[in-house]
Protein chains: 2
Amino acid sequence: MRKLNIAIIGLGNIGSYLFKYLKDNKKILTEKNNCVPIVKYVSAKNKNRKRKITFKQNQWLNNYLDVTKLNDVDLIVELIGGAEGPAKKLVFSALKNKKSVVTANKALIAKYGDQLSKIAEKNKVNLEFEAAVCGGVPIIRSLKEGLIANKILKIYGIFNGTSNYILSSMDRDNKVFNDVLSKAQKLGYAESNPTADLNGDDVSSKLKILSSLCFNSFLNNNIYVEGIKNIDKTDIDNANKLGYKIKLLGFAEYLNNKFYQRVHPTLIKKDSYVASIDGVLNAVIIDGRPVGKSIIQGEGAGAAATTSALISDISSILRGNIKFPFSLSSKERKKIKFANIDDRFFSAYLRFEVSDVPGVLSNITNIFSKNKVSIKRLVQNPNKNKKTSSIIIITHRSRNNFLNKILKEVARKKYIKRKPKLIRIDDN
Amino acid sequence: MRKLNIAIIGLGNIGSYLFKYLKDNKKILTEKNNCVPIVKYVSAKNKNRKRKITFKQNQWLNNYLDVTKLNDVDLIVELIGGAEGPAKKLVFSALKNKKSVVTANKALIAKYGDQLSKIAEKNKVNLEFEAAVCGGVPIIRSLKEGLIANKILKIYGIFNGTSNYILSSMDRDNKVFNDVLSKAQKLGYAESNPTADLNGDDVSSKLKILSSLCFNSFLNNNIYVEGIKNIDKTDIDNANKLGYKIKLLGFAEYLNNKFYQRVHPTLIKKDSYVASIDGVLNAVIIDGRPVGKSIIQGEGAGAAATTSALISDISSILRGNIKFPFSLSSKERKKIKFANIDDRFFSAYLRFEVSDVPGVLSNITNIFSKNKVSIKRLVQNPNKNKKTSSIIIITHRSRNNFLNKILKEVARKKYIKRKPKLIRIDDN
């Protein structure tokens with residue numbers, strides 16, 4: 001029987017869970033893949049940190065980088081995290097030394113995936129990263145295998161459980177942003193430093209990887225990214241009244257002969273599938289030919305779901321199913337030009353908090369008309385205590401840069417009491 | 001570059017679509033899989049039938065069975081259909097002659113899959129059948145690869161687009177069964193002989209295959225199957241009033257140390273995910289450890305979606321990713337005893353059409369009480385014109401055989417005007 005020697009580098013929650021899983025499920029994995037997975041080495045920053053697992057003395061490596069030189073290592077599982085530093089060093093060195101790599105590191109793959117896959121292909125080893133995108137949702141395996149036949153026109157969805165939890169809690173439990181964030185941190189749904197989750201960077205990394213797989217292109221940094229930090233309870237309530245939910249969505253799409261990548265809070269119809277996804281779940285919608293529209297949904301984070309993804313990659317390597325990391329070889333991947341969203345058309349929700357003085361409404365609508373943006377719906381709510389009004393406008397489909405111009409122009413007016421808001425509406 | 005010689009046997013809608021797809025997408029498939037797919041031969045019942053494709057004279061085989069003996073054939077795609085006759089002959093003969101097989105034939109796999117996989121394993125060739133279950137939904141690939149890490153506790157969902165179209169049309173368009181069926185046939189959503197779709201057999205075949213993959217077991221015929229022929233508009237309206245939709249669902253589950261396979265119309269809460277799936281879509285919900293709950297949804301039928309599934313199997317074979325047809329080798333698959341649903345507990349909806357005479361209600365409730373089935377909700381609607389009443393009862397969770405006993409006992413009563421109904425309620 002064939003054997004595969006594995007090293008796990010990084011023994012946090014995920015690394016420890018994976019270590020235990022591989023120990024407990026060695027027999028069934030061997031049977032399914034016709035190859036024995038052997039955890040030969042482990043390494044982490046701190047050997048003596050309290051963990052729920054026990055490894056043998058001779059499994060431990062003091063210097064994690066040694067693993068890339070050892071003859072009795074075939075596959076390195078990188079669970080350090082971060083696009084730079086030790087993770088980067090480890091993965092580059094591993095592939096250069098002809099070791100296969102499985103990683104959950106979305107930041108690393110989104111930044112260096114093209115370089116890394118070239119080295120992997122040259123050295124005929126695997127580089128797999130199912131766990132880097134949407135936790136336990138087998139989206140990468142599906143794009144590379146189950147849906148391999150398809151020309152993908154659009155992929156979008158909820159790719160960040162933390163921000164989705166926050167938005168759905170604000171909606172459901174009627175709480176404000178900071179309260180919900182504190183609760184999410186207590187429950188372990190948000191990290192102590194949740195910046196990348198809230199500012200859209202986490203979704204951006206995942207979307208770049210998916211976009212590249214869908215369009216057979218190299219990774220591309222031309223992506224519009226906006227997080228959820230400016231969404232407040234009032235916007236959520238307004239959206240509700242208008243028949244929408246607000247979700248942080250990532251989109252990669254081929255539309256009117258242009259490719260777009262974008263991440264932003266989005267108003268979507270309440271009765272749509274995506275609107276129904278609450279809490280920390282992830283959901284991916286894929287529109288492809290010939291298959292049509294498909295949906296894959298599941299747990300987007302956590303040690304258990306991530307281990308499910310890591311094991312799918314490890315199993316693929318156990319079976320000797322050598323594939324290109326990005327589905328196509330680097331020689332065949334395309335250099336696609338992604339368009340700026342400025343020229344894309346959106347319907348949008350805009351909110352202006354204004355002084356309650358005469359002429360404001362006429363001034364605002366005048367600015368809309370000057371910028372060729374036509375108004376579909378307008379609601380003005382007075383806030384008597386503060387002598388201010390809230391003006392909510394839903395526009396018809398309009399050029400993104402015209403919408404932004406309106407936003408900037410109105411923002412400068414004296415009657416504006418706080419920064420105006422623009423949230424795009426999904427036009428599916 | 002490696003090459004794989006393919007023969008397509010059966011050139012109906014799906015076979016023709018696949019033929020054209022392979023021609024149009026040869027380059028990208030070669031690049032992705034590092035192997036050239038070559039359609040060497042085709043065969044079908046009638047050579048001269050009108051088709052949208054053109055094949056060369058030397059591609060045509062007069063006797064489809066010759067394909068199993070030709071040295072320049074590596075892979076046979078069987079698209080004849082049916083568990084017996086030519087399809088059975090072809091697939092057995094192909095595997096015995098060391099040809100790999102890809103098939104969309106659920107009836108054949110559900111009936112002979114165990115025997116066929118033994119031959120395939122012995123001869124080290126592939127037998128793949130993604131297209132046999134839920135069309136374009138990559139559920140088999142996901143169970144075998146993307147979710148390979150998981151111990152599956154339950155798989156269920158909507159596996160038949162025809163019956164789902166009929167039920168959702170009766171609900172939405174307020175039409176009766178036969179009108180909807182005629183319309184479905186006109187639109188091509190139902191076959192001219194829709195028996196297997198309506199009586200649950202189609203779902204049963206798919207469920208047996210999925211169940212076997214989920215529980216690492218041989219195919220098993222201990223399955224409860226009930227179709228939608230007895231569901232009428234009144235039941236759908238009643239369900240609506242009570243907050244439910246009626247769907248034809250298939251379930252394979254591990255519950256209280258027992259395995260069950262069952263297919264039957266089911267009342268499910270209106271706000272559940274499954275209730276929202278209308279028309280010809282298919283949806284599969286998988287509950288596994290460690291991944292948690294996952295959902296895969298997509299087009300369940302049609303030449304385009306089915307081709308997507310066939311190509312995923314063909315690509316897997318192009319890459320040389322030889323696997324066991326049922327994930328595990330026949331030596332490792334288990335002989336699981338599936339339990340009869342008699343002992344399983346269900347909440348249920350029962351409907352009795354009775355004469356409007358005194359004592360009926362007391363007699364019925366008495367029968368319930370005698371059989372230890374407690375009533376959660378009871379509605380009696382008089383039908384004044386006919387001097388009859390409709391009694392609708394929702395029960396608490398009760399043993400299936402007790403529910404059936406009540407049904408039989410009440411059915412014999414003189415006051416019963418038509419066959420009583422029992423529809424199980426999903427208890428998720």
# chains A, B, ... in the order shown; residues from 1 in each chain; ligands from 1
$ interface_residues --of "chain A" --to "chain B" --cutoff "7 Å" --atoms "only C-alpha atoms" --output "count of residues only"
30
$ select_by_dssp --residues "stretch 194-418 of chain B" --states "strand (DSSP E)" --output "PyMOL selection string"
chain B and resi 224-225+244-255+258-269+281-289+292-299+345-355+375-383+388-395+398-399+416-418
$ residues_around --residues "B:Phe338" --least-positions-apart "2" --cutoff "12 Å" --atoms "only C-alpha atoms" --output "PyMOL selection string"
chain B and resi 208+211-212+215+217-224+252-255+257-262+334-336+340-344
$ residues_around --residues "B:Leu350" --least-positions-apart "5" --cutoff "7 Å" --atoms "only C-alpha atoms" --output "MDAnalysis selection string"
chainID B and resid 392:394 421:423
$ write_last_selection --atoms "N, CA and C atoms" --output "PDB file, in the first residue's frame"
ATOM      1  N   ILE B 392     -59.502  17.543   9.390  1.00  0.00           N
ATOM      2  CA  ILE B 392     -58.042  17.564   9.220  1.00  0.00           C
ATOM      3  C   ILE B 392     -57.400  17.489  10.593  1.00  0.00           C
ATOM      4  N   ILE B 393     -56.502  16.548  10.749  1.00  0.00           N
ATOM      5  CA  ILE B 393     -55.853  16.343  12.042  1.00  0.00           C
ATOM      6  C   ILE B 393     -54.342  16.388  11.888  1.00  0.00           C
ATOM      7  N   ILE B 394     -53.697  17.182  12.751  1.00  0.00           N
ATOM      8  CA  ILE B 394     -52.230  17.160  12.841  1.00  0.00           C
ATOM      9  C   ILE B 394     -51.893  16.441  14.139  1.00  0.00           C
ATOM     10  N   LYS B 421     -56.490  10.264   3.929  1.00  0.00           N
ATOM     11  CA  LYS B 421     -55.119  10.625   3.538  1.00  0.00           C
ATOM     12  C   LYS B 421     -54.203  10.709   4.750  1.00  0.00           C
ATOM     13  N   LEU B 422     -52.962  10.319   4.538  1.00  0.00           N
ATOM     14  CA  LEU B 422     -51.925  10.498   5.567  1.00  0.00           C
ATOM     15  C   LEU B 422     -50.707  11.092   4.877  1.00  0.00           C
ATOM     16  N   ILE B 423     -50.279  12.261   5.308  1.00  0.00           N
ATOM     17  CA  ILE B 423     -49.034  12.842   4.780  1.00  0.00           C
ATOM     18  C   ILE B 423     -48.123  13.162   5.964  1.00  0.00           C
TER      19      ILE B 423
END
$ closest_residue --among "B:Gln185, B:Ser204, B:Asn46, B:Ser100" --to "B:Asn62" --atoms "only C-alpha atoms"
B:Asn46
$ select_by_dssp --residues "stretch 105-282 of chain A" --states "alpha helix (DSSP H)" --output "ChimeraX atom specification"
/A:106-122,139-141,161-172,177-187,195-198,201-215,233-241
$ write_last_selection --atoms "C-alpha atoms" --output "PDB file, in the first residue's frame"
ATOM      1  CA  LYS A 106      -6.508  32.910   1.642  1.00  0.00           C
ATOM      2  CA  ALA A 107      -4.311  35.992   2.032  1.00  0.00           C
ATOM      3  CA  LEU A 108      -1.232  34.105   0.831  1.00  0.00           C
ATOM      4  CA  ILE A 109      -2.985  32.486  -2.132  1.00  0.00           C
ATOM      5  CA  ALA A 110      -4.740  35.707  -3.165  1.00  0.00           C
ATOM      6  CA  LYS A 111      -1.383  37.519  -3.154  1.00  0.00           C
ATOM      7  CA  TYR A 112       1.173  34.923  -4.263  1.00  0.00           C
ATOM      8  CA  GLY A 113      -1.006  32.192  -5.766  1.00  0.00           C
ATOM      9  CA  ASP A 114       0.232  32.784  -9.329  1.00  0.00           C
ATOM     10  CA  GLN A 115       3.909  32.575  -8.405  1.00  0.00           C
ATOM     11  CA  LEU A 116       3.309  29.589  -6.156  1.00  0.00           C
ATOM     12  CA  SER A 117       1.330  27.653  -8.733  1.00  0.00           C
ATOM     13  CA  LYS A 118       4.098  28.148 -11.315  1.00  0.00           C
ATOM     14  CA  ILE A 119       6.609  26.570  -8.933  1.00  0.00           C
ATOM     15  CA  ALA A 120       4.194  23.725  -8.090  1.00  0.00           C
ATOM     16  CA  GLU A 121       3.573  22.994 -11.773  1.00  0.00           C
ATOM     17  CA  LYS A 122       7.263  23.090 -12.633  1.00  0.00           C
ATOM     18  CA  ILE A 139     -16.629  25.416  -3.784  1.00  0.00           C
ATOM     19  CA  ILE A 140     -13.108  25.051  -5.174  1.00  0.00           C
ATOM     20  CA  ARG A 141     -13.426  21.301  -5.667  1.00  0.00           C
ATOM     21  CA  GLY A 161     -19.527  34.677   8.214  1.00  0.00           C
ATOM     22  CA  THR A 162     -18.487  37.385  10.674  1.00  0.00           C
ATOM     23  CA  SER A 163     -19.956  40.280   8.740  1.00  0.00           C
ATOM     24  CA  ASN A 164     -23.046  38.263   7.839  1.00  0.00           C
ATOM     25  CA  TYR A 165     -23.558  37.429  11.504  1.00  0.00           C
ATOM     26  CA  ILE A 166     -23.266  41.111  12.408  1.00  0.00           C
ATOM     27  CA  LEU A 167     -25.661  42.297   9.698  1.00  0.00           C
ATOM     28  CA  SER A 168     -28.249  39.631  10.435  1.00  0.00           C
ATOM     29  CA  SER A 169     -28.045  40.240  14.200  1.00  0.00           C
ATOM     30  CA  MET A 170     -28.504  43.976  13.729  1.00  0.00           C
ATOM     31  CA  ASP A 171     -31.559  43.148  11.669  1.00  0.00           C
ATOM     32  CA  ARG A 172     -33.074  40.422  13.813  1.00  0.00           C
ATOM     33  CA  PHE A 177     -23.204  47.672  15.265  1.00  0.00           C
ATOM     34  CA  ASN A 178     -20.861  47.882  18.246  1.00  0.00           C
ATOM     35  CA  ASP A 179     -23.084  45.801  20.546  1.00  0.00           C
ATOM     36  CA  VAL A 180     -23.386  43.071  17.948  1.00  0.00           C
ATOM     37  CA  LEU A 181     -19.648  43.100  17.294  1.00  0.00           C
ATOM     38  CA  SER A 182     -18.887  42.671  21.007  1.00  0.00           C
ATOM     39  CA  LYS A 183     -21.312  39.761  21.199  1.00  0.00           C
ATOM     40  CA  ALA A 184     -19.806  38.161  18.070  1.00  0.00           C
ATOM     41  CA  GLN A 185     -16.364  38.413  19.642  1.00  0.00           C
ATOM     42  CA  LYS A 186     -17.601  36.795  22.852  1.00  0.00           C
ATOM     43  CA  LEU A 187     -19.163  33.930  20.846  1.00  0.00           C
ATOM     44  CA  THR A 195     -10.535  44.473  10.626  1.00  0.00           C
ATOM     45  CA  ALA A 196     -10.173  42.153   7.604  1.00  0.00           C
ATOM     46  CA  ASP A 197     -13.666  40.750   8.156  1.00  0.00           C
ATOM     47  CA  LEU A 198     -15.316  44.152   8.458  1.00  0.00           C
ATOM     48  CA  ASP A 201     -10.458  42.375   2.712  1.00  0.00           C
ATOM     49  CA  ASP A 202     -11.328  38.804   3.682  1.00  0.00           C
ATOM     50  CA  VAL A 203     -14.043  38.613   1.023  1.00  0.00           C
ATOM     51  CA  SER A 204     -11.716  40.291  -1.456  1.00  0.00           C
ATOM     52  CA  SER A 205      -9.060  37.560  -1.051  1.00  0.00           C
ATOM     53  CA  LYS A 206     -11.627  34.797  -1.462  1.00  0.00           C
ATOM     54  CA  LEU A 207     -13.245  36.483  -4.461  1.00  0.00           C
ATOM     55  CA  LYS A 208      -9.915  36.956  -6.260  1.00  0.00           C
ATOM     56  CA  ILE A 209      -9.245  33.228  -5.917  1.00  0.00           C
ATOM     57  CA  LEU A 210     -12.739  32.240  -7.104  1.00  0.00           C
ATOM     58  CA  SER A 211     -12.700  34.749  -9.930  1.00  0.00           C
ATOM     59  CA  SER A 212      -9.406  33.368 -11.184  1.00  0.00           C
ATOM     60  CA  LEU A 213     -10.791  29.817 -11.139  1.00  0.00           C
ATOM     61  CA  CYS A 214     -14.034  30.827 -12.835  1.00  0.00           C
ATOM     62  CA  PHE A 215     -12.537  32.883 -15.646  1.00  0.00           C
ATOM     63  CA  LYS A 233     -29.236  50.163  12.109  1.00  0.00           C
ATOM     64  CA  THR A 234     -31.126  52.945  10.324  1.00  0.00           C
ATOM     65  CA  ASP A 235     -30.026  51.650   6.908  1.00  0.00           C
ATOM     66  CA  ILE A 236     -31.105  48.135   7.849  1.00  0.00           C
ATOM     67  CA  ASP A 237     -34.496  49.392   9.009  1.00  0.00           C
ATOM     68  CA  ASN A 238     -34.944  51.493   5.873  1.00  0.00           C
ATOM     69  CA  ALA A 239     -34.011  48.528   3.703  1.00  0.00           C
ATOM     70  CA  ASN A 240     -36.574  46.401   5.498  1.00  0.00           C
ATOM     71  CA  LYS A 241     -39.311  48.933   4.872  1.00  0.00           C
TER      72      LYS A 241
END
$ atom_distance --atom1 "atom CA of A:Ala275" --atom2 "atom CA of A:Ile391"
24.5 Å
